[in-house]
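In what follows, a structure is listed as C-alpha cells, so that the remarks can point back to it.
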Amino acid sequence: MIDTNLLQLICFYGFAAVTIGAALAVITVKNSVHAVLSLVLAFFSTACIWLLAEAEFLAIALIVVYVGAVMVLFLFVVMMLDIKMEQVREGFIRYLPVGIIVALVMLSEMLALIGVRAMHAHVMGADPAAAAGLSNTAWLGGALYTQYLLPFEIAALILTVGVVVAVALTLRQRGDKKHESASEQVRVNPRDRIRVVKMAPSRPDEPTAGPPQPASPETRP
C-alpha cells in the first residue's frame, strides 16, 4: 500500500520542478508566445501546489483569474504586436549585469527576512477550517462576509472606482484626436446619406451617350 504522505511529497517535488522549469523558460525562450505559454504552465503548476497545501480558494482563483483571463489577454496582445526579437535580445544582453545584481540583492533580502522570521517564529495553532469541519473555500467565504466584511467592501469600492476612472479616461474627447459617436450614428437618417439615381438601361454593345462636345469654329454660324 502506497503511503499518502510519500505520494503527496512526490507530487509536490514534481509540481515544484515543473514550476521552476516553466519560470526559467519565461525569461530564456526566444519566442514571446512560448514565453506566455510557459507562464501559463507555471501558474497552473503553482495552483496544483496550493491544492496540495489545502488552499483550494487560492488555487481556483489563480486558474480562473490569471490563467483564464489575464494570461489569455497577454497572449492575444503578444500575438497582435509586431515585436522585433533582435532588439529585445540586444536589450536583454545589455541590461543582464544590472538584472543579476538586482536579483542577488533581492535574494539576500528575502533570505535575511526569512531568517529573522524563523528566529521569532511561533508555533501556529490548528487549521481553523479543519477545526470547524469546513473546506478552505467555505471557511474563507464565511470569514470575509462576517468578520472582515467592512475591509472587503472597501476593497470592492476601490476596485469599482478604478474601473469607472479607466472608462472615463478612455471615453474622454480630445480636440486633436478623431472619435466616433455611437449615438449620432444611430440617429442618422438613411435618406440623408444615400441617394438613389434612376438611369436608363443600356446594352454593352451600344455606345454610351457622352457629354455634348462644343462646336468647332468652322461649324459655328
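The way I read the labels, and the way they are meant: chains A, B, ... in the order of the C-alpha cells, residue 1 as the first residue of every chain, and ligand 1 as the first ligand shown, with later ones counted on from there.
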
Practice prompt. Just the helix (DSSP H, G or I) stuff from stretch 147-200 of chain A, please, per backbone DSSP, written as a PyMOL selection string.
Written response: chain A and resi 149-171+182-186+190-193

Could you take the residues named above and write them with N, CA and C atoms, as a CSV table (one decimal), in the first residue's frame?
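Below you can see selection-v2.csv, which holds the result:
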chain,number,residue,atom,x,y,z
A,149,LEU,N,-16.0,41.9,6.8
A,149,LEU,CA,-17.0,42.5,5.8
A,149,LEU,C,-16.6,43.9,5.4
A,150,LEU,N,-16.3,44.8,6.3
A,150,LEU,CA,-16.0,46.2,6.0
A,150,LEU,C,-14.7,46.3,5.2
A,151,PRO,N,-13.6,45.7,5.5
A,151,PRO,CA,-12.5,45.8,4.6
A,151,PRO,C,-12.7,45.2,3.2
A,152,PHE,N,-13.6,44.1,3.2
A,152,PHE,CA,-13.9,43.5,1.9
A,152,PHE,C,-14.7,44.5,1.0
A,153,GLU,N,-15.7,45.2,1.6
A,153,GLU,CA,-16.5,46.2,0.9
A,153,GLU,C,-15.6,47.4,0.5
A,154,ILE,N,-14.7,47.8,1.3
A,154,ILE,CA,-13.8,48.9,0.9
A,154,ILE,C,-13.0,48.6,-0.3
A,155,ALA,N,-12.4,47.3,-0.2
A,155,ALA,CA,-11.6,46.9,-1.4
A,155,ALA,C,-12.4,46.8,-2.7
A,156,ALA,N,-13.7,46.4,-2.6
A,156,ALA,CA,-14.5,46.3,-3.7
A,156,ALA,C,-14.9,47.7,-4.2
A,157,LEU,N,-15.1,48.7,-3.3
A,157,LEU,CA,-15.4,50.0,-3.7
A,157,LEU,C,-14.2,50.7,-4.4
A,158,ILE,N,-13.0,50.4,-3.9
A,158,ILE,CA,-11.8,51.0,-4.6
A,158,ILE,C,-11.6,50.4,-6.0
A,159,LEU,N,-11.8,49.1,-6.1
A,159,LEU,CA,-11.7,48.5,-7.5
A,159,LEU,C,-12.8,49.1,-8.4
A,160,THR,N,-14.0,49.3,-7.9
A,160,THR,CA,-15.1,49.9,-8.7
A,160,THR,C,-14.7,51.3,-9.2
A,161,VAL,N,-14.1,52.1,-8.3
A,161,VAL,CA,-13.7,53.4,-8.6
A,161,VAL,C,-12.6,53.4,-9.7
A,162,GLY,N,-11.7,52.4,-9.6
A,162,GLY,CA,-10.7,52.3,-10.6
A,162,GLY,C,-11.2,52.0,-12.0
A,163,VAL,N,-12.2,51.1,-12.0
A,163,VAL,CA,-12.9,50.7,-13.3
A,163,VAL,C,-13.6,51.9,-13.9
A,164,VAL,N,-14.3,52.7,-13.0
A,164,VAL,CA,-15.0,53.9,-13.5
A,164,VAL,C,-14.0,54.9,-14.1
A,165,VAL,N,-12.9,55.1,-13.4
A,165,VAL,CA,-11.9,56.1,-13.8
A,165,VAL,C,-11.3,55.6,-15.2
A,166,ALA,N,-11.0,54.4,-15.3
A,166,ALA,CA,-10.4,53.9,-16.5
A,166,ALA,C,-11.4,54.1,-17.7
A,167,VAL,N,-12.7,53.8,-17.5
A,167,VAL,CA,-13.7,54.0,-18.6
A,167,VAL,C,-13.8,55.5,-18.9
A,168,ALA,N,-13.8,56.4,-17.9
A,168,ALA,CA,-13.9,57.8,-18.1
A,168,ALA,C,-12.7,58.3,-18.9
A,169,LEU,N,-11.5,57.8,-18.6
A,169,LEU,CA,-10.3,58.3,-19.3
A,169,LEU,C,-10.3,57.8,-20.7
A,170,THR,N,-10.9,56.6,-21.0
A,170,THR,CA,-11.0,56.1,-22.3
A,170,THR,C,-12.0,56.8,-23.2
A,171,LEU,N,-13.1,57.3,-22.6
A,171,LEU,CA,-14.2,57.9,-23.4
A,171,LEU,C,-14.1,59.4,-23.4
A,182,ALA,N,-21.4,57.0,-31.1
A,182,ALA,CA,-22.3,55.9,-31.4
A,182,ALA,C,-23.8,56.5,-31.5
A,183,SER,N,-24.1,57.4,-30.6
A,183,SER,CA,-25.5,58.0,-30.6
A,183,SER,C,-25.8,58.7,-31.9
A,184,GLU,N,-24.8,59.5,-32.4
A,184,GLU,CA,-25.0,60.2,-33.7
A,184,GLU,C,-25.2,59.2,-34.9
A,185,GLN,N,-24.4,58.1,-34.8
A,185,GLN,CA,-24.5,57.1,-35.9
A,185,GLN,C,-25.9,56.4,-35.9
A,186,VAL,N,-26.4,56.2,-34.7
A,186,VAL,CA,-27.7,55.6,-34.6
A,186,VAL,C,-28.8,56.5,-35.1
A,190,PRO,N,-31.2,57.3,-43.2
A,190,PRO,CA,-30.6,56.7,-44.4
A,190,PRO,C,-30.8,57.6,-45.7
A,191,ARG,N,-31.9,58.4,-45.7
A,191,ARG,CA,-32.2,59.2,-46.8
A,191,ARG,C,-31.2,60.4,-46.9
A,192,ASP,N,-30.6,60.8,-45.8
A,192,ASP,CA,-29.6,61.9,-45.8
A,192,ASP,C,-28.3,61.4,-46.3
A,193,ARG,N,-28.0,60.1,-46.3
A,193,ARG,CA,-26.7,59.6,-46.6
A,193,ARG,C,-26.7,58.9,-48.0

Discussion item. For A:Gln8, find every residue with an atom within 8 Å (counting only C-alpha atoms), except residues of its own chain fewer than 4 positions away, and show them as a VMD selection string.
Written reply: chain A and resid 4 12 52

Limited to N, CA and C atoms, could you put the picked residues into a file as a PDB file, in the first residue's frame?
ATOM      1  N   THR A   4       0.347   7.798   1.834  1.00  0.00           N
ATOM      2  CA  THR A   4      -0.246   9.037   1.316  1.00  0.00           C
ATOM      3  C   THR A   4       0.719  10.202   1.424  1.00  0.00           C
ATOM      4  N   PHE A  12       4.500  17.028  -4.800  1.00  0.00           N
ATOM      5  CA  PHE A  12       4.999  18.375  -4.518  1.00  0.00           C
ATOM      6  C   PHE A  12       6.302  18.644  -5.252  1.00  0.00           C
ATOM      7  N   LEU A  52      -2.324  20.981  -3.010  1.00  0.00           N
ATOM      8  CA  LEU A  52      -1.694  20.060  -2.067  1.00  0.00           C
ATOM      9  C   LEU A  52      -1.625  20.644  -0.660  1.00  0.00           C
TER      10      LEU A  52
END

Worksheet entry | Selection: 8 Å around A:Ala42, only C-alpha atoms, excl. self and same-chain fewer than 6 positions, as a PyMOL selection string | chain A and resi 18-20+22-23

Item to complete: Report the distance between atom CA of A:Ser32 and atom CA of A:Leu73 in Å, rounded to one decimal place.
Response: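 Taking atom CA of A:Ser32 as the start and atom CA of A:Leu73 as the end point, the length is 13.6 Å.
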
Worksheet item: Which is closer to A:Gly68 than all the others in A:Leu41, A:Leu6, A:Val105, A:Ala55, using only C-alpha atoms?
Response: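 Checking each of A:Leu41, A:Leu6, A:Val105, A:Ala55 against A:Gly68, counting only C-alpha atoms, the winner is A:Leu41.
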
Discussion item. List the spatial neighbours of A:Ala59 as a PyMOL selection string - criterion: any atom at most 10 Å away, only C-alpha atoms, same-chain residues fewer than 4 positions off excluded.
Written reply: chain A and resi 43-55+63-64

Discussion item. Give me the residues near A:Met79 as number ranges by chain, where near means some atom within 12 Å (using only C-alpha atoms) and where sequence neighbours in that chain fewer than 4 positions away do not count.
Written reply: A: 31-37, 72-75, 83

Given the selection you just returned, output its residues as a file containing N, CA, C and O atoms, formatted as a compact mmCIF listing (two decimals), in the first residue's frame.
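Generated output (result.txt):
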# COMPACT_ATOMS: atom_id res chain seq x y z
N ASN A 31 10.98 33.04 -28.32
CA ASN A 31 9.66 33.37 -28.84
C ASN A 31 8.79 33.89 -27.70
O ASN A 31 8.65 33.24 -26.65
N SER A 32 8.19 35.06 -27.88
CA SER A 32 7.37 35.66 -26.83
C SER A 32 6.09 34.87 -26.58
O SER A 32 5.60 34.80 -25.45
N VAL A 33 5.53 34.27 -27.62
CA VAL A 33 4.33 33.45 -27.43
C VAL A 33 4.65 32.23 -26.58
O VAL A 33 3.88 31.85 -25.69
N HIS A 34 5.79 31.61 -26.82
CA HIS A 34 6.21 30.48 -26.00
C HIS A 34 6.45 30.91 -24.56
O HIS A 34 6.19 30.14 -23.62
N ALA A 35 6.94 32.13 -24.36
CA ALA A 35 7.15 32.64 -23.01
C ALA A 35 5.83 32.79 -22.25
O ALA A 35 5.72 32.44 -21.07
N VAL A 36 4.81 33.29 -22.94
CA VAL A 36 3.50 33.43 -22.30
C VAL A 36 2.91 32.07 -21.97
O VAL A 36 2.34 31.85 -20.89
N LEU A 37 3.04 31.11 -22.86
CA LEU A 37 2.55 29.76 -22.59
C LEU A 37 3.31 29.11 -21.43
O LEU A 37 2.71 28.39 -20.62
N VAL A 72 -4.60 34.87 -21.03
CA VAL A 72 -5.19 34.83 -22.37
C VAL A 72 -5.11 36.21 -23.02
O VAL A 72 -4.80 36.35 -24.21
N LEU A 73 -5.36 37.26 -22.23
CA LEU A 73 -5.23 38.62 -22.74
C LEU A 73 -3.79 38.92 -23.14
O LEU A 73 -3.54 39.50 -24.21
N PHE A 74 -2.83 38.53 -22.31
CA PHE A 74 -1.43 38.72 -22.66
C PHE A 74 -1.07 38.00 -23.95
O PHE A 74 -0.33 38.52 -24.79
N LEU A 75 -1.59 36.79 -24.10
CA LEU A 75 -1.28 36.01 -25.29
C LEU A 75 -1.82 36.69 -26.55
O LEU A 75 -1.12 36.77 -27.57
N ILE A 83 6.61 42.40 -32.58
CA ILE A 83 7.77 42.58 -31.71
C ILE A 83 9.04 42.22 -32.47
O ILE A 83 9.15 41.14 -33.04

Worksheet entry | Coordinates-based distance that separates atom CA of A:Val65 from atom CA of A:Gly142 (Å, one decimal) |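 So the two atoms, atom CA of A:Gly142 and atom CA of A:Val65, lie 21.0 Å apart.
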